[in-house]
Amino acid sequence: MKLENLAHHINLCVKANNGIKLASWLSTNEPDHVDALRKANIGSTRDSLSKKYMNKFASPWDEICIAHLLAVIAISENRMEDAYKEQASMVNAFLRFFGVQTNWVLTPLWVVLTELRQLAHDGDVELYNQQKLTTCCEDAARICNKAFTMCVTDRTSQPAESRKWGVYRAVNIVLKCYFKVNRTNLSKNVIRAIEANSDIPSLEQFEMTDQVTYRYYQGLLALLDENYSRAEGELSFAFEHCHYSSPRNQERILTFLIPLRMMKGSFPTVRLLKRFPSLEGLYGRFLKSIREGNIVEFDRALLDLEARLVQLNIWLMIVKVREITVSRVFRKCWLVLNKPSRVSIPAFHAALKVAGSPMDIAEAEYHSDALSYYVQHYAQVKARPEDCLMVGITNKEMDIEVLSNKSKEKEIVHIPLDPPLMNAKEARARLVNMTWEAIEGLGMSRYQVNIYQFDVQQAFTIFACLCMYYVFLAPKEYIPYEPFFASIDPFFKIFCMSLPVFAHTLENQLFMVPLLKKHRVRSRKLRSKWIFACLVSGGPAIARFKKLVAQEKQRLDEEMKKL
């Protein structure tokens, strides 16, 4: 088939507004006309084709036909990067025609954009194998976004013939490209463009395939934002309305829907997993560990599958599911103890140890410092207890065993929980908030410093002081400019040498010691380091300590947002 014949067939389709037939003539996957076109134009180059056909056909069809032929030749010769470049040139030319047409050209647009995305992937694979920078998929995303914009901004066509009926199919192709190149932050821009345009028909009026794909990507974006409730709703819709003849798409949806349901304690059936062997390989070990309450096996599966889970952005969700495995262990402990109304923390610690997850007893009970803050603030115990142990907790109160510093006797202190806890999920956030409230009520800060750092400013201050002491105390023969220093009054020398000691001691008592108390530096070794640093260097040590406090504040505030 000569290029003239291709142009003739395209011209007939354009005159008849036959989008389906035009799509087949522009496709590189139609074997009939593609093989005939390739065989009749063996050895053709862009220069030879441009000289022969450029401006011979109506613009932009001369560019479209030439680029289409060159893409076909490049594909047959397995030059995928060149094939993508020619396809991109063809799509850009086609968009000039698309921008002045109605929605009859949507079908050929989907064909050329889909093949553009596929060729971009193949082109990047070729570049990667050649150890070159992969740019095809990112460039394809830009071109697809241009097509999406032309659909959204159609304000000249009648509503029934508007290109806006292609908005959701176009945005789905754009989202696929953005997810492919890991530029999900750009996805929100195109979604905002849809939400801001009230002229676009509602999603329910579009084909179900477009609805399913769009809701699927909406679910993925919500998942990345850790909006798990919305993500579950979007993915549930996508799965329930996904066509039964598309098991691959169902598997993609379930890959993210299963862990979302698992976090709520809802697990897939064995029958469902058997339909999708890859999902059984991904989640089967976790589900078995949860049913058995086997923490060790769960952690082993988490380690073995870590790379895959991180790649899918679901590692954090599976880590949260681990809490369900721990709860199964605690439930078994509760059943063994004949379902008591209260279970002591040491019993839970023993259960974890039997389950193969050894844990320090203090970690299992709750942090001893936090318990002492509860006792001092909520129970109004003035002296800091020597030791605290949580021995029980209900939805209305927690019981803390306190060992007094003076009498060395143990007593049970009851800390009320007002209002009562509604469920176990609420307990963590409530206890954390109580800890901060108790700390601030005792005049301390929630931002704790647990390290010591030495910096350049401290070193400079120490060096300056040592230089001064050397000049004033060293023998004359070792002092430079000795006549000048010899003329300095002895009383002034004593004053200069005493000033740093007095100033640093005063800074230590007025600033450093209160800071150490406020920010809960209780380790004797760590307190000694900061006090000595302040005595030697003064202000720079205090400044360094405050900088560590600021860093801890930033870290803790970020964690509290996730809680």
# chains A, B, ... in the order shown; residues from 1 in each chain; ligands from 1

$ residues_around --residues "Ile194 of chain A" --least-positions-apart "5" --cutoff "12 Å" --atoms "only C-alpha atoms" --output "ChimeraX atom specification"
/A:148-149,151-153,164,166-168,170-172,187-189,199-203,214

$ residues_around --residues "Ile64 of chain A" --least-positions-apart "5" --cutoff "12 Å" --atoms "only C-alpha atoms" --output "PyMOL selection string"
chain A and resi 3+6-7+10+25-27+49-50+53-55+57-59+69-71+86-97+112

$ residues_around --residues "Lys529 of chain A" --least-positions-apart "3" --cutoff "12 Å" --atoms "only C-alpha atoms" --output "number ranges by chain"
A: 450-454, 512-513, 516, 521-526, 532-537, 541, 545

$ write_last_selection --atoms "N, CA and C atoms" --output "PDB file, in the first residue's frame"
ATOM      1  N   ASN A 450      17.499  13.474  74.259  1.00  0.00           N
ATOM      2  CA  ASN A 450      18.124  12.236  74.732  1.00  0.00           C
ATOM      3  C   ASN A 450      19.547  12.055  74.210  1.00  0.00           C
ATOM      4  N   ILE A 451      20.132  13.105  73.615  1.00  0.00           N
ATOM      5  CA  ILE A 451      21.483  12.974  73.067  1.00  0.00           C
ATOM      6  C   ILE A 451      22.293  14.215  73.429  1.00  0.00           C
ATOM      7  N   TYR A 452      23.600  14.106  73.252  1.00  0.00           N
ATOM      8  CA  TYR A 452      24.502  15.248  73.418  1.00  0.00           C
ATOM      9  C   TYR A 452      25.236  15.460  72.099  1.00  0.00           C
ATOM     10  N   GLN A 453      25.333  16.712  71.678  1.00  0.00           N
ATOM     11  CA  GLN A 453      26.031  17.038  70.438  1.00  0.00           C
ATOM     12  C   GLN A 453      26.998  18.195  70.672  1.00  0.00           C
ATOM     13  N   PHE A 454      28.188  18.052  70.122  1.00  0.00           N
ATOM     14  CA  PHE A 454      29.228  19.072  70.207  1.00  0.00           C
ATOM     15  C   PHE A 454      29.330  19.735  68.841  1.00  0.00           C
ATOM     16  N   MET A 512      20.995  26.426  81.746  1.00  0.00           N
ATOM     17  CA  MET A 512      21.160  25.036  81.361  1.00  0.00           C
ATOM     18  C   MET A 512      20.439  24.075  82.302  1.00  0.00           C
ATOM     19  N   VAL A 513      20.602  24.243  83.610  1.00  0.00           N
ATOM     20  CA  VAL A 513      19.961  23.322  84.559  1.00  0.00           C
ATOM     21  C   VAL A 513      18.440  23.362  84.432  1.00  0.00           C
ATOM     22  N   LEU A 516      17.489  21.424  81.277  1.00  0.00           N
ATOM     23  CA  LEU A 516      17.623  19.978  81.452  1.00  0.00           C
ATOM     24  C   LEU A 516      16.422  19.411  82.199  1.00  0.00           C
ATOM     25  N   VAL A 521      15.796  15.563  80.863  1.00  0.00           N
ATOM     26  CA  VAL A 521      17.085  14.885  80.697  1.00  0.00           C
ATOM     27  C   VAL A 521      17.446  14.275  82.048  1.00  0.00           C
ATOM     28  N   ARG A 522      17.125  12.981  82.227  1.00  0.00           N
ATOM     29  CA  ARG A 522      17.290  12.374  83.554  1.00  0.00           C
ATOM     30  C   ARG A 522      18.523  11.493  83.653  1.00  0.00           C
ATOM     31  N   SER A 523      19.091  11.107  82.544  1.00  0.00           N
ATOM     32  CA  SER A 523      20.297  10.293  82.589  1.00  0.00           C
ATOM     33  C   SER A 523      21.441  11.090  83.227  1.00  0.00           C
ATOM     34  N   ARG A 524      22.025  10.518  84.277  1.00  0.00           N
ATOM     35  CA  ARG A 524      23.090  11.227  84.978  1.00  0.00           C
ATOM     36  C   ARG A 524      24.273  11.506  84.055  1.00  0.00           C
ATOM     37  N   LYS A 525      24.599  10.549  83.227  1.00  0.00           N
ATOM     38  CA  LYS A 525      25.731  10.726  82.304  1.00  0.00           C
ATOM     39  C   LYS A 525      25.447  11.831  81.296  1.00  0.00           C
ATOM     40  N   LEU A 526      24.221  11.848  80.747  1.00  0.00           N
ATOM     41  CA  LEU A 526      23.867  12.853  79.752  1.00  0.00           C
ATOM     42  C   LEU A 526      23.787  14.239  80.383  1.00  0.00           C
ATOM     43  N   PHE A 532      28.792  20.089  81.905  1.00  0.00           N
ATOM     44  CA  PHE A 532      30.229  20.335  81.676  1.00  0.00           C
ATOM     45  C   PHE A 532      30.422  21.184  80.412  1.00  0.00           C
ATOM     46  N   ALA A 533      29.632  20.880  79.348  1.00  0.00           N
ATOM     47  CA  ALA A 533      29.747  21.660  78.109  1.00  0.00           C
ATOM     48  C   ALA A 533      29.391  23.118  78.358  1.00  0.00           C
ATOM     49  N   CYS A 534      28.392  23.376  79.200  1.00  0.00           N
ATOM     50  CA  CYS A 534      28.004  24.759  79.495  1.00  0.00           C
ATOM     51  C   CYS A 534      29.063  25.458  80.349  1.00  0.00           C
ATOM     52  N   LEU A 535      29.665  24.727  81.301  1.00  0.00           N
ATOM     53  CA  LEU A 535      30.712  25.322  82.132  1.00  0.00           C
ATOM     54  C   LEU A 535      31.927  25.705  81.303  1.00  0.00           C
ATOM     55  N   VAL A 536      32.198  24.920  80.255  1.00  0.00           N
ATOM     56  CA  VAL A 536      33.385  25.171  79.440  1.00  0.00           C
ATOM     57  C   VAL A 536      33.126  26.193  78.332  1.00  0.00           C
ATOM     58  N   SER A 537      31.973  26.048  77.643  1.00  0.00           N
ATOM     59  CA  SER A 537      31.737  26.897  76.475  1.00  0.00           C
ATOM     60  C   SER A 537      30.617  27.911  76.663  1.00  0.00           C
ATOM     61  N   ALA A 541      26.726  26.120  74.031  1.00  0.00           N
ATOM     62  CA  ALA A 541      26.155  24.841  74.468  1.00  0.00           C
ATOM     63  C   ALA A 541      24.643  24.977  74.671  1.00  0.00           C
ATOM     64  N   PHE A 545      21.638  23.062  72.553  1.00  0.00           N
ATOM     65  CA  PHE A 545      20.584  22.321  73.227  1.00  0.00           C
ATOM     66  C   PHE A 545      19.212  22.768  72.702  1.00  0.00           C
TER      67      PHE A 545
END

$ closest_residue --among "A:Asn41, A:Gln118, A:Thr255, A:Ser245" --to "Leu279 of chain A" --atoms "only C-alpha atoms"
A:Thr255

$ residues_around --residues "Arg322 of chain A" --least-positions-apart "6" --cutoff "12 Å" --atoms "only C-alpha atoms" --output "list in words"
Pro259, Met262, Met263, Lys264, Gly265, Phe286, Leu287, Ser289, Ile290, Arg291, Gly293, Asn294, Ile295, Val296, Glu297, Phe298, Asp299, Arg300, Ala301, Leu302, Trp315, Leu316, Arg328 and Val329 of chain A

$ residues_around --residues "Arg252 of chain A" --least-positions-apart "2" --cutoff "12 Å" --atoms "only C-alpha atoms" --output "number ranges by chain"
A: 213, 216-217, 219-220, 235, 238-239, 242, 246-250, 254-258, 276, 278-279, 312

$ residues_around --residues "Cys136 of chain A" --least-positions-apart "6" --cutoff "7 Å" --atoms "only C-alpha atoms" --output "PyMOL selection string"
chain A and resi 120+123-124

$ atom_distance --atom1 "atom CA of Leu371 of chain A" --atom2 "atom CA of Val402 of chain A"
9.1 Å

$ residues_around --residues "Arg38 of chain A" --least-positions-apart "2" --cutoff "12 Å" --atoms "only C-alpha atoms" --output "list in words"
Met1, Lys2, Leu3, Leu6, Thr28, Glu30, Pro31, Asp32, His33, Val34, Asp35, Ala36, Ala40, Asn41, Ile42, Gly43, Ser44, Ile66, His68, Leu69, Leu70, Ala71, Val72, Ile73, Ala74, Ile75, Ser76 and Glu77 of chain A

$ write_last_selection --atoms "N, CA, C and O atoms" --output "mmCIF file, in the first residue's frame"
data_model
loop_
_atom_site.group_PDB
_atom_site.id
_atom_site.type_symbol
_atom_site.label_atom_id
_atom_site.label_comp_id
_atom_site.auth_asym_id
_atom_site.auth_seq_id
_atom_site.Cartn_x
_atom_site.Cartn_y
_atom_site.Cartn_z
ATOM 1 N N MET A 1 0.848 -1.204 0.000
ATOM 2 C CA MET A 1 0.000 0.000 0.000
ATOM 3 C C MET A 1 0.875 1.243 0.000
ATOM 4 O O MET A 1 1.724 1.414 0.867
ATOM 5 N N LYS A 2 0.647 2.106 -0.987
ATOM 6 C CA LYS A 2 1.358 3.361 -1.057
ATOM 7 C C LYS A 2 0.774 4.351 -0.050
ATOM 8 O O LYS A 2 -0.361 4.210 0.409
ATOM 9 N N LEU A 3 1.560 5.368 0.260
ATOM 10 C CA LEU A 3 1.105 6.364 1.219
ATOM 11 C C LEU A 3 -0.099 7.142 0.676
ATOM 12 O O LEU A 3 -0.952 7.599 1.453
ATOM 13 N N LEU A 6 -3.215 5.280 1.715
ATOM 14 C CA LEU A 6 -3.544 5.515 3.116
ATOM 15 C C LEU A 6 -4.223 6.869 3.285
ATOM 16 O O LEU A 6 -5.256 6.985 3.979
ATOM 17 N N THR A 28 -1.278 1.272 14.704
ATOM 18 C CA THR A 28 -0.085 0.504 14.306
ATOM 19 C C THR A 28 -0.256 -0.982 14.618
ATOM 20 O O THR A 28 0.663 -1.773 14.404
ATOM 21 N N GLU A 30 -3.020 -2.787 13.452
ATOM 22 C CA GLU A 30 -3.907 -3.396 12.460
ATOM 23 C C GLU A 30 -3.048 -4.129 11.432
ATOM 24 O O GLU A 30 -2.427 -3.499 10.565
ATOM 25 N N PRO A 31 -2.958 -5.457 11.508
ATOM 26 C CA PRO A 31 -1.975 -6.179 10.667
ATOM 27 C C PRO A 31 -2.221 -6.033 9.174
ATOM 28 O O PRO A 31 -1.263 -6.034 8.389
ATOM 29 N N ASP A 32 -3.487 -5.912 8.734
ATOM 30 C CA ASP A 32 -3.762 -5.911 7.288
ATOM 31 C C ASP A 32 -3.100 -4.723 6.597
ATOM 32 O O ASP A 32 -2.236 -4.897 5.727
ATOM 33 N N HIS A 33 -3.485 -3.517 6.990
ATOM 34 C CA HIS A 33 -2.938 -2.366 6.285
ATOM 35 C C HIS A 33 -1.507 -2.049 6.713
ATOM 36 O O HIS A 33 -0.725 -1.497 5.940
ATOM 37 N N VAL A 34 -1.123 -2.443 7.946
ATOM 38 C CA VAL A 34 0.233 -2.165 8.427
ATOM 39 C C VAL A 34 1.260 -2.962 7.631
ATOM 40 O O VAL A 34 2.294 -2.426 7.187
ATOM 41 N N ASP A 35 0.995 -4.256 7.389
ATOM 42 C CA ASP A 35 1.933 -5.084 6.627
ATOM 43 C C ASP A 35 2.048 -4.599 5.185
ATOM 44 O O ASP A 35 3.159 -4.525 4.621
ATOM 45 N N ALA A 36 0.909 -4.276 4.600
ATOM 46 C CA ALA A 36 0.933 -3.788 3.214
ATOM 47 C C ALA A 36 1.664 -2.453 3.117
ATOM 48 O O ALA A 36 2.434 -2.207 2.169
ATOM 49 N N ALA A 40 5.383 -1.965 1.047
ATOM 50 C CA ALA A 40 5.417 -1.070 -0.120
ATOM 51 C C ALA A 40 6.346 0.116 0.078
ATOM 52 O O ALA A 40 6.599 0.869 -0.878
ATOM 53 N N ASN A 41 6.872 0.283 1.305
ATOM 54 C CA ASN A 41 7.708 1.459 1.578
ATOM 55 C C ASN A 41 9.004 1.076 2.293
ATOM 56 O O ASN A 41 9.485 1.793 3.170
ATOM 57 N N ILE A 42 9.559 -0.072 1.944
ATOM 58 C CA ILE A 42 10.804 -0.531 2.566
ATOM 59 C C ILE A 42 11.933 0.447 2.235
ATOM 60 O O ILE A 42 12.100 0.874 1.089
ATOM 61 N N GLY A 43 12.713 0.809 3.259
ATOM 62 C CA GLY A 43 13.845 1.700 3.067
ATOM 63 C C GLY A 43 13.494 3.171 3.062
ATOM 64 O O GLY A 43 14.377 4.016 2.847
ATOM 65 N N SER A 44 12.240 3.495 3.307
ATOM 66 C CA SER A 44 11.841 4.909 3.309
ATOM 67 C C SER A 44 12.385 5.611 4.546
ATOM 68 O O SER A 44 12.463 5.027 5.633
ATOM 69 N N ILE A 66 3.034 10.486 7.168
ATOM 70 C CA ILE A 66 4.478 10.224 7.162
ATOM 71 C C ILE A 66 4.929 9.651 8.513
ATOM 72 O O ILE A 66 5.657 8.653 8.569
ATOM 73 N N HIS A 68 3.106 8.152 10.774
ATOM 74 C CA HIS A 68 2.500 6.823 10.968
ATOM 75 C C HIS A 68 3.304 5.751 10.250
ATOM 76 O O HIS A 68 3.602 4.688 10.809
ATOM 77 N N LEU A 69 3.689 6.027 8.988
ATOM 78 C CA LEU A 69 4.483 5.065 8.220
ATOM 79 C C LEU A 69 5.836 4.822 8.885
ATOM 80 O O LEU A 69 6.281 3.662 9.010
ATOM 81 N N LEU A 70 6.507 5.885 9.316
ATOM 82 C CA LEU A 70 7.819 5.726 9.946
ATOM 83 C C LEU A 70 7.712 4.969 11.271
ATOM 84 O O LEU A 70 8.621 4.207 11.632
ATOM 85 N N ALA A 71 6.616 5.170 12.008
ATOM 86 C CA ALA A 71 6.414 4.420 13.262
ATOM 87 C C ALA A 71 6.240 2.934 12.969
ATOM 88 O O ALA A 71 6.791 2.071 13.671
ATOM 89 N N VAL A 72 5.487 2.615 11.918
ATOM 90 C CA VAL A 72 5.281 1.219 11.516
ATOM 91 C C VAL A 72 6.607 0.570 11.142
ATOM 92 O O VAL A 72 6.912 -0.570 11.548
ATOM 93 N N ILE A 73 7.434 1.267 10.373
ATOM 94 C CA ILE A 73 8.742 0.725 9.957
ATOM 95 C C ILE A 73 9.637 0.520 11.170
ATOM 96 O O ILE A 73 10.307 -0.517 11.302
ATOM 97 N N ALA A 74 9.660 1.496 12.107
ATOM 98 C CA ALA A 74 10.515 1.391 13.294
ATOM 99 C C ALA A 74 10.076 0.223 14.178
ATOM 100 O O ALA A 74 10.915 -0.502 14.732
ATOM 101 N N ILE A 75 8.780 -0.006 14.294
ATOM 102 C CA ILE A 75 8.282 -1.130 15.100
ATOM 103 C C ILE A 75 8.714 -2.447 14.476
ATOM 104 O O ILE A 75 9.150 -3.374 15.172
ATOM 105 N N SER A 76 8.614 -2.551 13.154
ATOM 106 C CA SER A 76 9.009 -3.802 12.472
ATOM 107 C C SER A 76 10.494 -4.076 12.615
ATOM 108 O O SER A 76 10.922 -5.232 12.609
ATOM 109 N N GLU A 77 11.293 -3.028 12.772
ATOM 110 C CA GLU A 77 12.741 -3.192 12.945
ATOM 111 C C GLU A 77 13.151 -3.190 14.413
ATOM 112 O O GLU A 77 14.349 -3.173 14.717
#

$ closest_residue --among "A:Gln158, A:Asn11, A:Asn182, A:Ser445" --to "Asp62 of chain A" --atoms "only C-alpha atoms"
A:Asn11

$ closest_residue --among "A:Thr135, A:Thr156, A:Asn103, A:Gln554" --to "Cys177 of chain A" --atoms "only C-alpha atoms"
A:Thr135

$ closest_residue --among "A:Ser198, A:Gln457, A:Thr184, A:Ser157" --to "Ala222 of chain A" --atoms "only C-alpha atoms"
A:Thr184

$ decode --residues "segment 136-159 of chain A" --atoms "C-alpha atoms" --output "CSV table (one decimal), in the first residue's frame"
chain,number,residue,atom,x,y,z
A,136,CYS,CA,9.6,8.5,26.8
A,137,CYS,CA,6.8,7.9,29.4
A,138,GLU,CA,7.2,11.3,30.9
A,139,ASP,CA,7.0,12.9,27.5
A,140,ALA,CA,3.9,10.8,26.7
A,141,ALA,CA,2.3,12.0,29.9
A,142,ARG,CA,2.7,15.6,28.7
A,143,ILE,CA,1.2,14.9,25.3
A,144,CYS,CA,-1.8,13.0,26.9
A,145,ASN,CA,-2.3,15.9,29.2
A,146,LYS,CA,-2.5,18.2,26.2
A,147,ALA,CA,-5.3,16.0,24.8
A,148,PHE,CA,-7.1,16.0,28.1
A,149,THR,CA,-6.9,19.9,28.2
A,150,MET,CA,-8.4,20.0,24.6
A,151,CYS,CA,-11.3,17.9,25.8
A,152,VAL,CA,-12.0,19.9,29.0
A,153,THR,CA,-11.8,23.3,27.2
A,154,ASP,CA,-14.3,22.6,24.4
A,155,ARG,CA,-16.8,25.5,24.5
A,156,THR,CA,-17.8,25.7,20.9
A,157,SER,CA,-19.5,22.3,20.2
A,158,GLN,CA,-23.1,21.5,21.0
A,159,PRO,CA,-23.5,19.6,24.3
